[in-house]
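The file my_file39.pdb comes next; it holds PDB, C-alpha atoms.
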ATOM      1  CA  MET A 209       0.000   0.000   0.000  1.00  0.00           C
ATOM      2  CA  ALA A 210       1.346   3.423  -0.952  1.00  0.00           C
ATOM      3  CA  LYS A 211       2.258   5.930   1.695  1.00  0.00           C
ATOM      4  CA  ARG A 212      -0.191   8.792   1.954  1.00  0.00           C
ATOM      5  CA  ALA A 213       1.252  12.251   1.717  1.00  0.00           C
ATOM      6  CA  ARG A 214      -0.038  14.904   4.052  1.00  0.00           C
ATOM      7  CA  SER A 215      -0.814  18.128   2.323  1.00  0.00           C
ATOM      8  CA  ARG A 216      -2.259  21.370   3.521  1.00  0.00           C
ATOM      9  CA  THR A 217      -4.857  21.495   0.766  1.00  0.00           C
ATOM     10  CA  ARG A 218      -7.894  19.408   0.151  1.00  0.00           C
ATOM     11  CA  PRO A 219      -8.573  17.814  -3.227  1.00  0.00           C
ATOM     12  CA  GLY A 220      -9.843  20.374  -5.729  1.00  0.00           C
ATOM     13  CA  GLN A 221      -8.270  23.351  -3.966  1.00  0.00           C
ATOM     14  CA  ARG A 222      -5.195  25.346  -4.892  1.00  0.00           C
ATOM     15  CA  ALA A 223      -2.152  25.417  -2.697  1.00  0.00           C
ATOM     16  CA  PRO A 224      -1.623  28.705  -0.837  1.00  0.00           C
ATOM     17  CA  LEU A 225       0.619  31.193  -2.616  1.00  0.00           C
ATOM     18  CA  GLN A 226       4.172  31.415  -1.374  1.00  0.00           C
ATOM     19  CA  ARG A 227       4.702  35.136  -0.940  1.00  0.00           C
ATOM     20  CA  SER A 228       8.100  36.612  -0.403  1.00  0.00           C
ATOM     21  CA  THR A 229       8.919  39.727   1.554  1.00  0.00           C
ATOM     22  CA  ALA A 230       8.313  43.159   0.079  1.00  0.00           C
ATOM     23  CA  ARG A 231      10.428  43.968  -2.947  1.00  0.00           C
ATOM     24  CA  PRO A 232      12.942  46.784  -2.717  1.00  0.00           C
ATOM     25  CA  PRO A 233      12.120  49.785  -4.920  1.00  0.00           C
ATOM     26  CA  LEU A 234      13.843  49.938  -8.293  1.00  0.00           C
ATOM     27  CA  ALA A 235      16.846  52.204  -8.520  1.00  0.00           C
ATOM     28  CA  VAL A 236      15.627  54.670 -11.146  1.00  0.00           C
ATOM     29  CA  PRO A 237      16.937  58.199 -11.110  1.00  0.00           C
ATOM     30  CA  PRO A 238      14.143  60.742 -10.716  1.00  0.00           C
ATOM     31  CA  ARG A 239      13.228  62.677 -13.848  1.00  0.00           C
ATOM     32  CA  PRO A 240      13.526  66.426 -13.800  1.00  0.00           C
ATOM     33  CA  PRO A 241      10.156  68.205 -13.758  1.00  0.00           C
ATOM     34  CA  THR A 242      10.973  70.138 -16.955  1.00  0.00           C
ATOM     35  CA  LEU A 243      12.470  69.247 -20.320  1.00  0.00           C
ATOM     36  CA  THR A 244      15.985  70.124 -21.310  1.00  0.00           C
ATOM     37  CA  PRO A 245      16.424  72.601 -24.174  1.00  0.00           C
ATOM     38  CA  GLU A 246      17.548  69.760 -26.480  1.00  0.00           C
ATOM     39  CA  GLU A 247      14.405  67.762 -25.695  1.00  0.00           C
ATOM     40  CA  GLU A 248      12.189  70.801 -26.286  1.00  0.00           C
ATOM     41  CA  ALA A 249      13.849  71.477 -29.657  1.00  0.00           C
ATOM     42  CA  ARG A 250      13.435  67.847 -30.720  1.00  0.00           C
ATOM     43  CA  ALA A 251       9.774  67.827 -29.652  1.00  0.00           C
ATOM     44  CA  ALA A 252       9.118  71.025 -31.622  1.00  0.00           C
ATOM     45  CA  GLU A 253      10.781  69.533 -34.718  1.00  0.00           C
ATOM     46  CA  ILE A 254       8.704  66.345 -34.495  1.00  0.00           C
ATOM     47  CA  GLU A 255       5.512  68.325 -34.004  1.00  0.00           C
ATOM     48  CA  ALA A 256       6.306  70.521 -37.021  1.00  0.00           C
ATOM     49  CA  ARG A 257       6.830  67.400 -39.161  1.00  0.00           C
ATOM     50  CA  LEU A 258       3.530  65.916 -38.008  1.00  0.00           C
ATOM     51  CA  VAL A 259       1.606  69.125 -38.709  1.00  0.00           C
ATOM     52  CA  ALA A 260       3.149  69.374 -42.184  1.00  0.00           C
ATOM     53  CA  ALA A 261       2.258  65.745 -42.940  1.00  0.00           C
ATOM     54  CA  GLU A 262      -1.335  66.291 -41.794  1.00  0.00           C
ATOM     55  CA  ARG A 263      -1.693  69.407 -43.953  1.00  0.00           C
ATOM     56  CA  SER A 264      -0.337  67.651 -47.041  1.00  0.00           C
ATOM     57  CA  ALA A 265      -2.679  64.702 -46.480  1.00  0.00           C
ATOM     58  CA  GLU A 266      -5.669  67.035 -46.122  1.00  0.00           C
ATOM     59  CA  GLU A 267      -4.737  68.915 -49.298  1.00  0.00           C
ATOM     60  CA  ALA A 268      -4.354  65.663 -51.227  1.00  0.00           C
ATOM     61  CA  ALA A 269      -7.756  64.506 -50.002  1.00  0.00           C
ATOM     62  CA  ARG A 270      -9.342  67.831 -51.034  1.00  0.00           C
ATOM     63  CA  ARG A 271      -7.812  67.558 -54.523  1.00  0.00           C
ATOM     64  CA  GLN A 272      -9.259  64.073 -54.975  1.00  0.00           C
ATOM     65  CA  VAL A 273     -12.737  65.034 -53.754  1.00  0.00           C
ATOM     66  CA  ARG A 274     -13.084  68.206 -55.889  1.00  0.00           C
ATOM     67  CA  GLY A 275     -13.627  66.303 -59.137  1.00  0.00           C
ATOM     68  CA  ARG A 276     -16.061  63.773 -57.722  1.00  0.00           C
ATOM     69  CA  ALA A 277     -19.713  63.962 -56.821  1.00  0.00           C
ATOM     70  CA  PRO A 278     -20.424  64.123 -53.095  1.00  0.00           C
ATOM     71  CA  VAL A 279     -20.783  60.708 -51.554  1.00  0.00           C
ATOM     72  CA  GLU A 280     -23.790  60.107 -49.345  1.00  0.00           C
ATOM     73  CA  ARG A 281     -22.762  58.537 -46.107  1.00  0.00           C
ATOM     74  CA  GLU A 282     -24.808  56.544 -43.690  1.00  0.00           C
ATOM     75  CA  ALA A 283     -25.704  58.082 -40.386  1.00  0.00           C
ATOM     76  CA  PRO A 284     -22.742  57.754 -38.034  1.00  0.00           C
ATOM     77  CA  VAL A 285     -23.142  54.979 -35.504  1.00  0.00           C
ATOM     78  CA  ARG A 286     -21.089  54.639 -32.384  1.00  0.00           C
ATOM     79  CA  THR A 287     -18.580  51.825 -32.605  1.00  0.00           C
ATOM     80  CA  GLY A 288     -19.631  49.967 -29.494  1.00  0.00           C
ATOM     81  CA  SER A 289     -23.357  50.382 -29.927  1.00  0.00           C
ATOM     82  CA  ILE A 290     -25.853  47.600 -30.299  1.00  0.00           C
ATOM     83  CA  ALA A 291     -26.904  48.932 -33.706  1.00  0.00           C
ATOM     84  CA  VAL A 292     -23.511  48.130 -35.237  1.00  0.00           C
ATOM     85  CA  ARG A 293     -23.484  44.615 -33.877  1.00  0.00           C
ATOM     86  CA  ALA A 294     -27.112  44.102 -34.908  1.00  0.00           C
ATOM     87  CA  SER A 295     -26.478  45.266 -38.478  1.00  0.00           C
ATOM     88  CA  GLU A 296     -23.594  42.813 -38.784  1.00  0.00           C
ATOM     89  CA  GLU A 297     -25.713  39.989 -37.386  1.00  0.00           C
ATOM     90  CA  TYR A 298     -28.666  40.818 -39.654  1.00  0.00           C
ATOM     91  CA  ALA A 299     -26.413  40.384 -42.687  1.00  0.00           C
ATOM     92  CA  TYR A 300     -25.588  36.841 -41.570  1.00  0.00           C
ATOM     93  CA  VAL A 301     -29.208  36.078 -40.735  1.00  0.00           C
ATOM     94  CA  ALA A 302     -30.494  37.341 -44.085  1.00  0.00           C
ATOM     95  CA  ARG A 303     -27.947  35.249 -45.974  1.00  0.00           C
ATOM     96  CA  ASP A 304     -28.804  32.151 -43.957  1.00  0.00           C
ATOM     97  CA  VAL A 305     -32.553  32.627 -44.475  1.00  0.00           C
ATOM     98  CA  ARG A 306     -32.025  32.929 -48.243  1.00  0.00           C
ATOM     99  CA  ARG A 307     -30.025  29.683 -48.258  1.00  0.00           C
ATOM    100  CA  ILE A 308     -32.665  27.873 -46.195  1.00  0.00           C
ATOM    101  CA  ALA A 309     -35.446  29.076 -48.513  1.00  0.00           C
ATOM    102  CA  LEU A 310     -33.476  28.026 -51.606  1.00  0.00           C
ATOM    103  CA  ILE A 311     -32.740  24.542 -50.280  1.00  0.00           C
ATOM    104  CA  GLY A 312     -36.270  24.033 -48.912  1.00  0.00           C
ATOM    105  CA  GLY A 313     -37.874  25.245 -52.134  1.00  0.00           C
ATOM    106  CA  SER A 314     -35.691  23.001 -54.267  1.00  0.00           C
ATOM    107  CA  MET A 315     -36.565  19.988 -52.078  1.00  0.00           C
ATOM    108  CA  VAL A 316     -40.300  20.689 -52.445  1.00  0.00           C
ATOM    109  CA  ALA A 317     -39.923  21.086 -56.228  1.00  0.00           C
ATOM    110  CA  LEU A 318     -37.984  17.798 -56.400  1.00  0.00           C
ATOM    111  CA  LEU A 319     -40.699  15.974 -54.430  1.00  0.00           C
ATOM    112  CA  ILE A 320     -43.429  17.337 -56.720  1.00  0.00           C
ATOM    113  CA  ALA A 321     -41.453  16.311 -59.804  1.00  0.00           C
ATOM    114  CA  LEU A 322     -40.944  12.792 -58.452  1.00  0.00           C
ATOM    115  CA  TRP A 323     -44.652  12.510 -57.595  1.00  0.00           C
ATOM    116  CA  LEU A 324     -45.604  13.574 -61.131  1.00  0.00           C
ATOM    117  CA  VAL A 325     -43.170  11.093 -62.700  1.00  0.00           C
ATOM    118  CA  THR A 326     -44.432   8.180 -60.586  1.00  0.00           C
ATOM    119  CA  HIS A 327     -48.110   8.946 -61.290  1.00  0.00           C
ATOM    120  CA  LEU A 328     -47.705   9.553 -65.015  1.00  0.00           C
ATOM    121  CA  THR A 329     -45.590   6.439 -65.616  1.00  0.00           C
ATOM    122  CA  GLY A 330     -47.349   4.192 -63.147  1.00  0.00           C
ATOM    123  CA  ILE A 331     -44.137   3.246 -61.349  1.00  0.00           C
ATOM    124  CA  GLY A 332     -44.783   1.780 -57.934  1.00  0.00           C
ATOM    125  CA  VAL A 333     -48.444   0.978 -58.550  1.00  0.00           C
ATOM    126  CA  VAL A 334     -49.306  -2.484 -57.242  1.00  0.00           C
ATOM    127  CA  PRO A 335     -51.774  -4.390 -59.524  1.00  0.00           C
ATOM    128  CA  ARG A 336     -54.797  -5.861 -57.777  1.00  0.00           C
TER     129      ARG A 336
END
Using structure tokens, write down the structure from this file.
Amino acid sequence: MAKRARSRTRPGQRAPLQRSTARPPLAVPPRPPTLTPEEEARAAEIEARLVAAERSAEEAARRQVRGRAPVEREAPVRTGSIAVRASEEYAYVARDVRRIALIGGSMVALLIALWLVTHLTGIGVVPR
């Protein structure tokens, strides 16, 4: 017979977590409350590049739209709203209903055709 091990936990329960003492704080030098002049200059340069890129993108978009007719857009819907999820689900439901109707209708038509063939040809009629 095998020796039974004594454990602190019962079957189906997790063992208690082994927690160590509090960790010492990381040795990170404190950041100065303000930016250095080099950092400010670099930030200004990056911001100027971003603004220029945005302006050029807007101008390119305006040039493309000028020659085209205005496009009607759907009413804006919030991304997390139920309406968005419902519209996506309705597309699946409509497609599935069309498939079910097509398959069901074709099965009914096949049964009618088989019934006509058996009655017109007399197949399956038992003579008395």
The distance between CA of Ala260 (chain A) and CA of Glu246 (chain A) is 21.3 Å
First collect every listed atom of region 259-272 of chain A; then fit an axis-aligned box around them, widen it by 6 Å on each side, and give centre and edge lengths in Å to one decimal, as AutoDock Vina command-line options.
--center_x -3.1 --center_y 66.7 --center_z -46.8 --size_x 24.5 --size_y 17.3 --size_z 28.3
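Interatomic distance, CA of His327 (chain A) to CA of Gly312 (chain A): 22.8 Å.
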Atom-to-atom span, CA of Ala299 (chain A) and CA of Ile311 (chain A), Å:
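For CA of Ala299 (chain A) relative to CA of Ile311 (chain A), the distance reads 18.7 Å.
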